[in-house]
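As stored in start-v5.txt (compact mmCIF, C-alpha atoms):
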```
# COMPACT_ATOMS: atom_id res chain seq x y z
CA MET A 1 106.71 64.67 -71.78
CA LYS A 2 105.71 63.38 -75.20
CA LYS A 3 102.26 64.93 -74.80
CA VAL A 4 103.81 68.31 -73.99
CA ILE A 5 105.99 68.13 -77.10
CA ASN A 6 103.01 67.14 -79.26
CA PHE A 7 100.96 69.97 -77.74
CA ALA A 8 103.78 72.43 -78.45
CA LYS A 9 104.00 71.22 -82.05
CA GLU A 10 100.24 71.59 -82.46
CA PHE A 11 99.95 75.12 -81.09
CA ALA A 12 103.33 76.68 -81.91
CA VAL A 13 102.22 78.15 -85.23
CA PRO A 14 99.00 79.79 -83.91
CA ILE A 15 100.84 81.27 -80.94
CA LEU A 16 103.57 82.65 -83.19
CA ALA A 17 100.94 83.99 -85.59
CA LEU A 18 99.30 85.86 -82.73
CA GLY A 19 102.66 87.22 -81.61
CA MET A 20 103.82 88.50 -85.01
CA PRO A 21 102.08 91.91 -84.76
CA PHE A 22 103.87 92.52 -81.47
CA MET A 23 107.19 91.57 -83.03
CA ALA A 24 106.63 94.16 -85.75
CA TYR A 25 106.84 96.91 -83.15
CA ALA A 26 110.40 95.81 -82.42
CA GLN A 27 111.40 96.99 -85.91
CA ILE A 28 110.95 100.69 -85.11
CA PRO A 29 114.45 102.18 -85.10
CA SER A 30 115.42 103.97 -81.94
CA PRO A 31 117.12 107.34 -82.10
CA THR A 32 120.88 107.12 -81.88
CA ALA A 33 122.48 108.09 -78.62
CA PRO A 34 124.63 111.20 -78.66
CA THR A 35 128.28 110.31 -78.78
CA GLN A 36 131.35 111.99 -77.41
CA GLY A 37 134.18 111.25 -79.76
CA ASN A 38 133.96 107.63 -80.89
CA VAL A 39 132.57 106.24 -77.62
CA PRO A 40 128.75 105.99 -77.43
CA GLN A 41 127.22 107.19 -74.21
CA SER A 42 125.14 104.79 -72.17
CA ASN A 43 121.58 105.52 -71.09
CA ILE A 44 122.06 103.48 -67.91
CA ASN A 45 122.59 105.99 -65.16
CA SER A 46 121.77 104.03 -62.05
CA LEU A 47 120.56 100.77 -60.61
CA GLN A 48 117.05 102.22 -60.69
CA THR A 49 117.20 102.46 -64.50
CA VAL A 50 118.24 98.82 -64.81
CA LEU A 51 115.49 97.70 -62.45
CA ASN A 52 112.88 99.72 -64.34
CA THR A 53 113.99 98.03 -67.58
CA VAL A 54 113.74 94.60 -65.94
CA CYS A 55 110.31 95.56 -64.65
CA ILE A 56 109.13 96.46 -68.15
CA VAL A 57 110.37 93.14 -69.56
CA PHE A 58 108.68 91.14 -66.81
CA SER A 59 105.51 93.16 -67.23
CA TRP A 60 105.33 92.17 -70.91
CA MET A 61 106.02 88.58 -69.86
CA PHE A 62 103.11 88.78 -67.42
CA TYR A 63 100.64 89.89 -70.09
CA PHE A 64 101.89 87.29 -72.57
CA LEU A 65 101.52 84.47 -70.04
CA ILE A 66 98.03 85.57 -69.04
CA ALA A 67 97.01 85.58 -72.72
CA LEU A 68 98.59 82.14 -73.11
CA ALA A 69 96.63 80.88 -70.11
CA VAL A 70 93.40 82.11 -71.69
CA VAL A 71 94.27 80.22 -74.89
CA PHE A 72 94.95 77.07 -72.83
CA ILE A 73 91.60 77.41 -71.07
CA VAL A 74 89.75 77.78 -74.37
CA VAL A 75 91.56 74.73 -75.77
CA ALA A 76 90.72 72.74 -72.62
CA ALA A 77 87.06 73.73 -72.89
CA PHE A 78 87.04 72.61 -76.53
CA LYS A 79 88.61 69.29 -75.54
CA TYR A 80 85.98 68.78 -72.82
CA LEU A 81 83.15 69.56 -75.21
CA THR A 82 84.42 67.26 -77.92
CA ALA A 83 85.47 64.42 -75.59
CA GLY A 84 82.15 62.61 -75.93
CA GLY A 85 82.67 60.72 -72.70
CA ASP A 86 86.11 59.39 -73.69
CA ALA A 87 88.16 59.22 -70.48
CA GLU A 88 91.47 59.78 -72.26
CA LYS A 89 90.25 63.00 -73.92
CA VAL A 90 88.82 64.27 -70.63
CA LYS A 91 92.17 63.54 -68.97
CA GLY A 92 93.93 65.50 -71.73
CA ALA A 93 91.60 68.44 -71.13
CA GLY A 94 92.40 68.30 -67.42
CA GLN A 95 96.11 68.40 -68.22
CA THR A 96 95.55 71.41 -70.44
CA LEU A 97 93.83 73.17 -67.54
CA LEU A 98 96.86 72.29 -65.42
CA TYR A 99 99.09 73.95 -68.01
CA ALA A 100 96.88 77.05 -67.81
CA ALA A 101 97.24 77.12 -64.03
CA ILE A 102 101.01 76.81 -64.38
CA ALA A 103 101.03 79.70 -66.89
CA VAL A 104 99.10 81.88 -64.43
CA GLY A 105 101.52 80.91 -61.63
CA VAL A 106 104.56 81.79 -63.73
CA ALA A 107 102.88 85.06 -64.75
CA LEU A 108 102.39 85.99 -61.11
CA LEU A 109 106.04 85.20 -60.44
CA ALA A 110 107.01 87.38 -63.41
CA ARG A 111 105.07 90.21 -61.82
CA ALA A 112 106.64 89.67 -58.38
CA ILE A 113 110.31 89.08 -59.27
CA PRO A 114 111.22 92.72 -60.11
CA LEU A 115 109.65 93.92 -56.87
CA ILE A 116 111.53 91.31 -54.85
CA VAL A 117 114.83 92.13 -56.54
CA ALA A 118 114.26 95.86 -55.99
CA SER A 119 113.60 95.31 -52.29
CA PHE A 120 116.76 93.20 -51.90
CA LEU A 121 118.89 95.77 -53.71
CA GLY A 122 117.31 98.68 -51.88
CA ALA A 123 116.34 100.51 -55.04
CA GLY A 124 113.20 102.01 -53.54
CA THR A 125 110.06 101.97 -55.62
CA LEU A 126 109.86 101.01 -59.26
CA SER A 127 108.06 103.58 -61.36
CA THR A 128 106.91 101.21 -64.11
CA CYS A 129 105.55 98.29 -62.08
```
Can the structure from this file be put into structure tokens for me?
Amino acid sequence: MKKVINFAKEFAVPILALGMPFMAYAQIPSPTAPTQGNVPQSNINSLQTVLNTVCIVFSWMFYFLIALAVVFIVVAAFKYLTAGGDAEKVKGAGQTLLYAAIAVGVALLARAIPLIVASFLGAGTLSTC
């Protein structure tokens, strides 16, 4: 667990730096919803709308985790190349590859969860997945 925390401390800043341009897109103001009196109207019309929104969120999660897995693989390759025969460094590189495999597995789950939820709720097909 200590190695995971140290790894997170080491790579938190570069990962956040790569994510900052994507966060800037969140600052675009959305148009205000038309209101009737003082009560704002909701854009949620059906279960299908909610599931499509969930699908979009999980789709972004999928792409982020795949990119994270690629970063883990590059870091593992660097660790292997610079290990110089040291068994502890090679073991650390193997653990980094394990983290990459876990990131890919979670990404695949993120892609599958909206489809599974939609089939259980009987929402039909999701247009954004």
Nearby residues (all atoms listed in the file) at most 12 Å from Lys3 in chain A, same-chain spacing under 4 positions excluded, as a PyMOL selection string: chain A and resi 7-10+91-93+95-96+99
Nearest residue to Val106 in chain A from the set A:Phe58, A:Lys2, A:Leu65, A:Gly122 (distances using all atoms listed in the file): A:Leu65
One-decimal distance in Å that lies between CA of Lys89 in chain A and CA of Tyr63 in chain A: 29.1 Å
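The gap separating CA of Ala87 in chain A from CA of Ile5 in chain A is 21.0 Å, in Å to one decimal.
What separates CA of Ala69 in chain A from CA of Val50 in chain A is a distance of 28.6 Å.
Minimum atom-to-atom distances from A:Cys55, A:Trp60, A:Phe72, A:Ile66 to Ala107 in chain A were compared using all atoms listed in the file, and the lowest value belongs to A:Ile66.
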Residue nearest Leu108 in chain A - candidates A:Gly94, A:Val71, A:Ser59, A:Phe120, atoms counted: only C-alpha atoms: A:Ser59
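Take the candidates A:Leu121, A:Ile116, A:Ala103, A:Leu81 and check each one against Met61 in chain A using all atoms listed in the file; the shortest distance goes to A:Ala103.
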